[in-house]
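**Student:** The following file, work.cif, comprises mmCIF, C-alpha atoms and all ligand atoms:
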```cif
data_structure
#
loop_
_atom_site.label_atom_id
_atom_site.label_comp_id
_atom_site.auth_asym_id
_atom_site.auth_seq_id
_atom_site.Cartn_x
_atom_site.Cartn_y
_atom_site.Cartn_z
CA MET A 111 -15.73 -161.02 88.59
CA THR A 112 -17.51 -160.05 85.41
CA LYS A 113 -20.37 -158.29 87.25
CA LEU A 114 -19.83 -154.58 87.74
CA LEU A 115 -19.49 -153.37 91.37
CA PRO A 116 -19.51 -156.81 93.03
CA THR A 117 -20.51 -156.43 96.68
CA SER A 118 -18.99 -158.16 99.70
CA THR A 119 -18.47 -157.65 103.43
CA ALA A 120 -15.23 -157.06 105.31
CA GLY A 121 -15.73 -160.38 107.12
CA SER A 122 -17.57 -161.07 110.35
CA LEU A 123 -21.35 -161.06 110.69
CA PRO A 124 -23.47 -161.50 113.85
CA LYS A 125 -24.00 -165.05 115.08
CA PRO A 126 -27.45 -166.48 115.94
CA CYS A 127 -28.31 -166.22 119.66
CA TRP A 128 -28.47 -170.02 119.99
CA LEU A 129 -24.80 -170.28 118.93
CA ALA A 130 -23.19 -167.47 120.93
CA GLU A 131 -24.25 -164.50 122.99
CA PRO A 132 -25.09 -161.70 120.53
CA GLU A 133 -23.59 -158.21 120.24
CA LYS A 134 -20.40 -159.22 121.97
CA LEU A 135 -16.77 -159.84 120.92
CA TRP A 136 -15.13 -163.08 122.11
CA SER A 137 -18.62 -164.31 122.97
CA PRO A 138 -18.45 -167.86 124.40
CA TRP A 139 -20.14 -170.71 122.50
CA LYS A 140 -23.48 -171.89 123.81
CA LEU A 141 -23.06 -175.41 122.40
CA GLN A 142 -20.43 -178.11 122.88
CA GLY A 143 -18.92 -181.07 121.07
CA ALA A 144 -20.83 -182.43 118.08
CA ALA A 145 -23.72 -180.00 118.68
CA LEU A 146 -21.26 -177.10 118.36
CA VAL A 147 -19.89 -178.41 115.07
CA GLU A 148 -23.41 -178.79 113.69
CA GLY A 149 -24.50 -175.43 115.12
CA LYS A 150 -21.59 -173.62 113.43
CA GLN A 151 -22.47 -175.22 110.09
CA ASP A 152 -26.13 -174.26 110.45
CA ALA A 153 -25.15 -170.69 111.31
CA LEU A 154 -22.91 -170.63 108.26
CA ARG A 155 -25.83 -171.74 106.06
CA VAL A 156 -28.04 -169.00 107.54
CA THR A 157 -25.46 -166.25 107.09
CA LEU A 158 -24.80 -167.37 103.53
CA SER A 159 -28.48 -167.25 102.64
CA GLU A 160 -28.87 -163.80 104.23
CA GLN A 161 -25.94 -162.46 102.22
CA GLN A 162 -27.35 -163.87 99.00
CA ARG A 163 -30.85 -162.52 99.63
CA ALA A 164 -29.36 -159.08 100.30
CA GLY A 165 -27.57 -159.05 96.95
CA ILE A 166 -24.04 -159.71 98.23
CA ASP A 167 -22.08 -161.09 95.29
CA ILE A 168 -18.85 -162.28 96.92
CA VAL A 169 -19.98 -164.23 99.96
CA SER A 170 -18.16 -165.32 103.10
CA ASP A 171 -18.66 -167.56 106.12
CA GLY A 172 -19.49 -164.46 108.19
CA GLU A 173 -16.83 -165.89 110.54
CA GLN A 174 -19.52 -168.05 112.16
CA THR A 175 -17.02 -170.73 113.13
CA ARG A 176 -14.60 -168.46 114.99
CA GLN A 177 -14.82 -166.55 118.22
CA HIS A 178 -12.46 -163.80 117.13
CA PHE A 179 -10.74 -162.89 113.88
CA VAL A 180 -7.22 -163.11 115.31
CA THR A 181 -7.25 -165.35 118.38
CA THR A 182 -9.15 -168.26 116.87
CA PHE A 183 -6.43 -168.71 114.25
CA ILE A 184 -3.66 -168.48 116.86
CA GLU A 185 -5.42 -171.00 119.14
CA HIS A 186 -4.78 -173.67 116.51
CA LEU A 187 -1.01 -173.11 116.44
CA THR A 188 1.66 -174.66 118.60
CA GLY A 189 4.14 -172.47 120.49
CA VAL A 190 1.47 -170.24 122.04
CA ASP A 191 0.33 -170.80 125.62
CA PHE A 192 -3.22 -169.53 126.18
CA GLU A 193 -3.02 -170.22 129.93
CA LYS A 194 0.01 -167.99 130.37
CA ARG A 195 -1.30 -164.48 129.95
CA GLU A 196 0.32 -161.06 130.03
CA THR A 197 -1.21 -157.62 129.75
CA VAL A 198 -0.03 -155.70 126.68
CA LYS A 199 -1.20 -152.64 124.82
CA ILE A 200 -2.95 -153.68 121.61
CA ARG A 201 -2.48 -151.39 118.63
CA ASP A 202 -1.00 -148.78 120.96
CA ARG A 203 -4.55 -148.22 122.15
CA TYR A 204 -5.95 -150.44 124.86
CA ASP A 205 -4.66 -152.94 127.44
CA ALA A 206 -5.64 -156.56 126.98
CA SER A 207 -4.70 -159.83 128.61
CA VAL A 208 -3.12 -161.89 125.83
CA PRO A 209 -1.55 -165.35 125.41
CA THR A 210 2.22 -165.85 125.45
CA VAL A 211 4.50 -167.15 122.72
CA VAL A 212 6.55 -169.74 124.63
CA GLY A 213 8.31 -171.62 121.83
CA ALA A 214 8.72 -171.93 118.06
CA VAL A 215 5.34 -171.34 116.40
CA SER A 216 3.96 -173.79 113.84
CA ARG A 217 0.74 -174.98 112.25
CA ASP A 218 0.45 -178.72 112.75
CA LYS A 219 -2.88 -178.98 110.93
CA PRO A 220 -5.16 -176.78 108.83
CA VAL A 221 -7.24 -174.25 110.76
CA PHE A 222 -10.14 -173.16 108.52
CA VAL A 223 -9.78 -175.45 105.53
CA GLU A 224 -12.68 -177.78 106.43
CA ASP A 225 -14.94 -174.76 107.06
CA ALA A 226 -13.96 -173.30 103.69
CA LYS A 227 -14.73 -176.61 101.96
CA PHE A 228 -18.13 -176.62 103.66
CA LEU A 229 -18.90 -173.08 102.45
CA ARG A 230 -17.66 -173.97 98.95
CA ALA A 231 -20.05 -176.91 98.83
CA GLN A 232 -23.02 -174.63 99.64
CA THR A 233 -22.68 -172.08 96.84
CA ASP A 234 -21.39 -171.38 93.36
CA SER A 235 -20.88 -167.67 94.16
CA PRO A 236 -17.31 -166.41 94.52
CA ILE A 237 -16.16 -166.80 98.12
CA LYS A 238 -13.79 -164.68 100.16
CA TRP A 239 -12.00 -165.99 103.23
CA ALA A 240 -10.43 -163.75 105.90
CA LEU A 241 -7.24 -164.52 107.80
CA PRO A 242 -5.44 -162.25 110.26
CA GLY A 243 -2.36 -160.51 108.86
CA PRO A 244 1.10 -161.17 110.36
CA MET A 245 1.44 -157.74 111.99
CA THR A 246 -2.01 -157.83 113.57
CA MET A 247 -1.26 -161.34 114.89
CA ILE A 248 1.95 -160.36 116.67
CA ASP A 249 0.21 -157.31 118.10
CA THR A 250 -2.26 -159.59 119.91
CA LEU A 251 0.38 -161.63 121.77
CA TYR A 252 3.12 -161.41 124.37
CA ASP A 253 6.33 -162.81 122.85
CA ALA A 254 8.60 -164.50 125.40
CA HIS A 255 10.39 -166.63 122.79
CA TYR A 256 11.54 -164.71 119.70
CA ARG A 257 11.54 -161.35 121.49
CA SER A 258 11.39 -159.66 118.10
CA ARG A 259 8.17 -158.43 116.50
CA GLU A 260 9.71 -158.76 113.06
CA LYS A 261 10.98 -162.30 113.56
CA LEU A 262 7.62 -163.48 114.88
CA ALA A 263 5.82 -161.77 111.98
CA TRP A 264 7.97 -163.69 109.46
CA GLU A 265 7.15 -166.96 111.24
CA PHE A 266 3.43 -166.18 111.10
CA ALA A 267 3.71 -165.18 107.42
CA THR A 268 5.09 -168.66 106.63
CA ILE A 269 2.24 -170.29 108.58
CA LEU A 270 -0.38 -168.07 106.91
CA ASN A 271 1.02 -169.02 103.52
CA GLN A 272 0.55 -172.74 104.32
CA GLU A 273 -3.05 -172.09 105.34
CA ALA A 274 -3.74 -169.80 102.35
CA ARG A 275 -2.47 -172.40 99.86
CA GLU A 276 -4.87 -174.97 101.30
CA LEU A 277 -7.76 -172.49 101.30
CA GLU A 278 -7.03 -171.81 97.63
CA ALA A 279 -7.08 -175.54 96.92
CA ALA A 280 -10.43 -175.76 98.77
CA GLY A 281 -11.87 -173.36 96.18
CA VAL A 282 -11.62 -169.97 97.90
CA ASP A 283 -11.60 -167.17 95.28
CA ILE A 284 -10.24 -164.30 97.37
CA ILE A 285 -8.07 -164.64 100.47
CA GLN A 286 -8.12 -161.54 102.63
CA PHE A 287 -5.63 -160.60 105.33
CA ASP A 288 -6.93 -158.33 108.08
CA GLU A 289 -4.28 -155.79 109.00
CA PRO A 290 -5.82 -153.05 111.17
CA ALA A 291 -2.31 -152.76 112.69
CA PHE A 292 -1.23 -151.20 109.37
CA ASN A 293 -3.12 -148.08 110.45
CA VAL A 294 -0.92 -147.67 113.54
CA PHE A 295 2.67 -148.89 113.09
CA PHE A 296 3.78 -147.04 109.99
CA ASP A 297 7.54 -147.56 110.41
CA GLU A 298 7.05 -151.30 110.79
CA VAL A 299 4.71 -151.40 107.79
CA ASN A 300 7.52 -149.86 105.81
CA ASP A 301 10.33 -151.96 107.26
CA TRP A 302 8.73 -155.42 107.13
CA GLY A 303 4.90 -155.21 107.26
CA ILE A 304 4.32 -155.26 103.50
CA ALA A 305 7.15 -157.76 103.01
CA THR A 306 5.65 -160.26 105.47
CA LEU A 307 2.23 -159.82 103.85
CA GLU A 308 3.79 -160.64 100.48
CA ARG A 309 5.39 -163.70 102.04
CA ALA A 310 1.93 -164.79 103.20
CA ILE A 311 0.55 -164.64 99.62
CA GLU A 312 3.61 -166.18 97.94
CA GLY A 313 2.72 -168.62 95.15
CA LEU A 314 -1.06 -168.06 95.35
CA LYS A 315 -3.02 -168.01 92.11
CA CYS A 316 -6.32 -166.88 93.65
CA GLU A 317 -6.89 -163.18 94.32
CA THR A 318 -5.56 -161.65 97.52
CA ALA A 319 -6.81 -158.73 99.58
CA VAL A 320 -5.72 -156.71 102.59
CA HIS A 321 -8.29 -155.10 104.90
CA ILE A 322 -7.20 -151.99 106.80
CA CYS A 323 -9.73 -150.24 108.98
CA TYR A 324 -10.28 -148.18 112.10
CA GLY A 325 -11.73 -151.20 113.90
CA TYR A 326 -15.01 -152.53 115.17
CA GLY A 327 -17.42 -150.08 116.76
CA ILE A 328 -16.18 -150.86 120.29
CA LYS A 329 -15.43 -148.15 122.88
CA ALA A 330 -11.62 -148.39 122.70
CA ASN A 331 -11.81 -147.71 118.98
CA THR A 332 -14.38 -144.93 119.06
CA ASP A 333 -12.36 -143.20 121.82
CA TRP A 334 -9.22 -143.51 119.71
CA LYS A 335 -10.98 -142.08 116.65
CA LYS A 336 -11.84 -138.97 118.68
CA THR A 337 -8.10 -138.28 119.02
CA LEU A 338 -7.41 -138.47 115.29
CA GLY A 339 -8.65 -135.01 114.38
CA SER A 340 -10.92 -133.96 111.55
CA GLU A 341 -8.96 -135.60 108.74
CA TRP A 342 -7.79 -139.20 109.05
CA ARG A 343 -4.74 -139.44 106.82
CA GLN A 344 -3.31 -142.77 108.11
CA TYR A 345 -3.85 -144.47 104.74
CA GLU A 346 -1.54 -141.94 103.10
CA ARG A 347 1.42 -143.69 104.75
CA THR A 348 0.59 -147.21 103.57
CA PHE A 349 -1.32 -146.94 100.28
CA PRO A 350 1.65 -146.03 98.05
CA LYS A 351 3.47 -149.13 99.29
CA LEU A 352 0.41 -151.33 98.85
CA GLN A 353 -0.07 -149.93 95.36
CA ALA A 354 3.43 -151.18 94.52
CA SER A 355 2.84 -154.57 96.19
CA ASN A 356 1.54 -157.86 94.77
CA ILE A 357 -1.75 -157.63 96.69
CA ASP A 358 -4.74 -157.50 94.30
CA LEU A 359 -7.38 -155.76 96.41
CA VAL A 360 -7.36 -153.23 99.24
CA SER A 361 -10.34 -153.04 101.61
CA LEU A 362 -10.74 -149.69 103.34
CA GLU A 363 -13.09 -147.62 105.46
CA CYS A 364 -15.11 -144.72 103.96
CA GLN A 365 -18.70 -144.39 105.19
CA ASN A 366 -19.06 -141.77 107.96
CA SER A 367 -15.31 -141.81 108.53
CA HIS A 368 -12.99 -138.83 108.32
CA VAL A 369 -10.82 -140.46 105.69
CA PRO A 370 -10.39 -138.01 102.79
CA MET A 371 -11.80 -139.87 99.80
CA ASP A 372 -9.02 -138.70 97.48
CA LEU A 373 -6.52 -140.94 99.32
CA ILE A 374 -8.03 -143.79 97.27
CA GLU A 375 -6.25 -142.28 94.29
CA LEU A 376 -2.98 -143.52 95.84
CA LEU A 377 -4.13 -147.06 95.02
CA ARG A 378 -4.94 -146.39 91.35
CA GLY A 379 -4.59 -149.64 89.43
CA LYS A 380 -5.60 -151.85 92.35
CA LYS A 381 -9.09 -153.16 93.02
CA VAL A 382 -10.58 -151.25 95.93
CA MET A 383 -13.15 -152.56 98.39
CA VAL A 384 -14.78 -149.31 99.43
CA GLY A 385 -16.45 -149.32 102.85
CA ALA A 386 -19.91 -147.90 102.17
CA ILE A 387 -21.45 -149.22 105.40
CA ASP A 388 -20.58 -147.79 108.83
CA VAL A 389 -20.19 -150.65 111.32
CA ALA A 390 -19.84 -148.36 114.35
CA SER A 391 -23.44 -147.13 114.17
CA ASN A 392 -26.81 -148.84 114.53
CA THR A 393 -28.34 -146.51 111.97
CA VAL A 394 -29.02 -148.47 108.81
CA GLU A 395 -27.82 -146.61 105.74
CA THR A 396 -30.31 -145.93 102.97
CA PRO A 397 -29.44 -147.40 99.56
CA GLU A 398 -29.15 -143.79 98.29
CA LYS A 399 -26.56 -142.98 101.00
CA VAL A 400 -24.53 -146.04 99.94
CA ALA A 401 -24.84 -144.97 96.30
CA GLU A 402 -23.62 -141.48 97.17
CA THR A 403 -20.45 -142.88 98.78
CA LEU A 404 -19.82 -145.16 95.79
CA ARG A 405 -20.28 -142.27 93.32
CA LYS A 406 -17.69 -140.23 95.23
CA ALA A 407 -15.29 -143.17 95.24
CA LEU A 408 -15.68 -143.51 91.47
CA GLN A 409 -13.73 -140.27 91.10
CA PHE A 410 -10.67 -142.12 92.39
CA VAL A 411 -11.12 -145.73 91.32
CA ASP A 412 -12.05 -147.11 87.91
CA ALA A 413 -15.56 -148.59 87.80
CA ASP A 414 -14.29 -152.06 86.94
CA LYS A 415 -12.11 -152.00 90.06
CA LEU A 416 -14.68 -150.73 92.57
CA TYR A 417 -15.92 -153.38 95.03
CA PRO A 418 -18.63 -152.01 97.37
CA CYS A 419 -18.06 -153.33 100.90
CA THR A 420 -18.54 -152.62 104.61
CA ASN A 421 -16.09 -150.52 106.67
CA CYS A 422 -15.23 -153.50 108.87
CA GLY A 423 -16.82 -156.64 110.30
CA MET A 424 -20.35 -156.50 111.72
CA ALA A 425 -20.02 -159.15 114.46
CA PRO A 426 -20.82 -156.78 117.35
CA LEU A 427 -24.06 -155.49 115.74
CA SER A 428 -27.55 -156.94 116.21
CA ARG A 429 -28.61 -159.34 113.47
CA ASP A 430 -31.46 -157.07 112.48
CA VAL A 431 -29.22 -154.05 112.00
CA ALA A 432 -26.63 -156.14 110.14
CA ARG A 433 -29.30 -157.57 107.81
CA GLY A 434 -30.58 -154.05 107.10
CA LYS A 435 -27.05 -152.87 106.33
CA LEU A 436 -26.43 -155.82 103.99
CA ARG A 437 -29.62 -155.02 102.08
CA ALA A 438 -28.67 -151.32 101.86
CA LEU A 439 -25.27 -152.30 100.47
CA GLY A 440 -26.79 -154.58 97.85
CA ALA A 441 -29.45 -152.04 96.84
CA GLY A 442 -27.07 -149.06 96.87
CA ALA A 443 -24.59 -150.84 94.61
CA GLU A 444 -27.44 -151.72 92.24
CA ILE A 445 -28.41 -148.03 91.93
CA VAL A 446 -24.89 -147.10 90.81
CA ARG A 447 -24.62 -150.19 88.58
CA GLN A 448 -27.74 -149.03 86.73
CA GLU A 449 -26.35 -145.51 86.38
CA LEU A 450 -23.10 -146.86 84.99
CA SER A 451 -24.84 -149.11 82.48
CA VAL A 452 -26.97 -146.18 81.29
CA SER A 453 -23.92 -143.99 80.84
CA LEU A 454 -21.99 -146.81 79.11
CA ALA A 455 -24.92 -147.35 76.74
CA ALA A 456 -24.99 -143.62 75.95
CA GLU A 457 -21.32 -143.54 74.93
ZN ZN A 501 -11.82 -154.10 110.13
#
```
Please express what this file holds, its structure, as structure tokens.
**Tutor:**
Amino acid sequence: MTKLLPTSTAGSLPKPCWLAEPEKLWSPWKLQGAALVEGKQDALRVTLSEQQRAGIDIVSDGEQTRQHFVTTFIEHLTGVDFEKRETVKIRDRYDASVPTVVGAVSRDKPVFVEDAKFLRAQTDSPIKWALPGPMTMIDTLYDAHYRSREKLAWEFATILNQEARELEAAGVDIIQFDEPAFNVFFDEVNDWGIATLERAIEGLKCETAVHICYGYGIKANTDWKKTLGSEWRQYERTFPKLQASNIDLVSLECQNSHVPMDLIELLRGKKVMVGAIDVASNTVETPEKVAETLRKALQFVDADKLYPCTNCGMAPLSRDVARGKLRALGAGAEIVRQELSVSLAAE
């Protein structure tokens, strides 16, 4: 990116009400068959145009073609039985009924590659595509086959690498891996989490990102956040290792969170996608509030490496609120861009 402070979102955006029930995770599709395929493509066109009108520079599909950021990818793999369900604790936080790994996992055909080609054909802007990270994938399943979190994570890393290479060939500029589990399982991050992530990006020439957040604004997450105290220092455990890794960008949560901003310093040298939009609140930030967060972040990240972003996905929000937040992000980044160009010109 040659533009200063290029804006983007963490990933998901609300779907139109004719495609799926709004303000809901895992919302069932309202269309079927060919109508569903066409509906997803139309929704993708709408979300793309809304991002562009709001001043979002690095655009995405808004995850319009998937029900959920982890399960939709897994649904396309063999070795996982979605009928056979077990209750497990996800991210050490809440019980969920999840599918079972019943045999060797593999990807027989591409999952998102056609969708990425479709998005690529709609725009010349840089595009970012999100995939779940290996650790977050294993944390959303019951494993009756490998019986080893690490072993299954390595298998998924290989599969993700196959998908990522094809997304790159389809013209994706940044491939992002969502790893909210990195904020919970610190020993595993250290032992094999970063290593499996690096396996997933092996051989890629496009840019790569990892997104680590405190989750969507759903009750299980907001309840968990209440237990974290006044300072959220989780990033302190993972950032030094990510700084030393081959990942190009790190996407993190800042706005309205209790993450001490100076933890960003631990990533110095990496590009940082700073969350300047709170996704757990319906209050639309003002551009000035976004600008304020970005100015603070600039103390810890070089201007040419600051990528204004949202804290997390906005799928559970209303479309109106999400549109307002996108516009605030675009306008807030523009305020700081102007300030930086004035100060550069004065030097
Ligand atoms: Zn997130």
**Student:** Would you mind listing the residues within 12 Å of ligand ZN 501 (chain A), counting only C-alpha atoms and all ligand atoms, as a PyMOL selection string?
**Tutor:** chain A and resi 119-123+178-180+240-243+246+286-293+320-328+331+360-364+383+385+387-390+419-426
**Student:** Find the spatial neighbours of region 129-141 of chain A, counting all atoms listed in the file, within a cut-off of 6 Å - ignore same-chain residues fewer than 3 positions away - and output them as number ranges by chain.
**Tutor:** A: 126, 145-146, 177-178, 426-428
**Student:** Just the residues within 7 Å of region 346-353 of chain A, please, counting all atoms listed in the file, with nothing from its chain fewer than 5 positions along; format it as a PDB file with C-alpha atoms, in the frame of the given file.
**Tutor:**
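Below is the file result.pdb, written as the result:
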```
ATOM      1  CA  PHE A 296       3.780-147.040 109.990  1.00  0.00           C
ATOM      2  CA  LEU A 373      -6.520-140.940  99.320  1.00  0.00           C
ATOM      3  CA  LEU A 376      -2.980-143.520  95.840  1.00  0.00           C
ATOM      4  CA  LEU A 377      -4.130-147.060  95.020  1.00  0.00           C
ATOM      5  CA  LYS A 380      -5.600-151.850  92.350  1.00  0.00           C
TER       6      LYS A 380
END
```
**Student:** Which residue out of A:Val169, A:Leu338, A:Met245, A:Ala254 has the minimum interatomic distance to Thr210 (chain A) when all atoms listed in the file are used?
**Tutor:**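 Residue with the minimum atom-to-atom distance to Thr210 (chain A): A:Ala254.
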**Student:** So how many Å separate CA of Arg201 (chain A) and CA of His368 (chain A), to one decimal?
**Tutor:**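 Interatomic distance, CA of Arg201 (chain A) to CA of His368 (chain A): 19.4 Å.
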**Student:** Hey, can you check how far CA of Thr175 (chain A) sits from CA of Lys125 (chain A)?
**Tutor:**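 Pair CA of Thr175 (chain A) / CA of Lys125 (chain A) returns 9.2 Å.
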**Student:** Of the candidates A:His186, A:Ala280, A:Val198, A:Val212, which shows the shortest atom-to-atom distance to Ala231 (chain A), using all atoms listed in the file?
**Tutor:**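 Checking each of A:His186, A:Ala280, A:Val198, A:Val212 against Ala231 (chain A), counting all atoms listed in the file, the winner is A:Ala280.
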**Student:** Which residue out of A:Lys406, A:Ile357, A:Gln365, A:Lys415 has the minimum interatomic distance to Thr393 (chain A) when only C-alpha atoms are used?
**Tutor:**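 Result for the nearest residue to Thr393 (chain A): A:Gln365.
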**Student:** I need the residue nearest Ser258 (chain A) from this list: A:Pro209, A:Arg447, A:Glu298, A:Ala455. Use all atoms listed in the file for the distance.
**Tutor:** A:Glu298
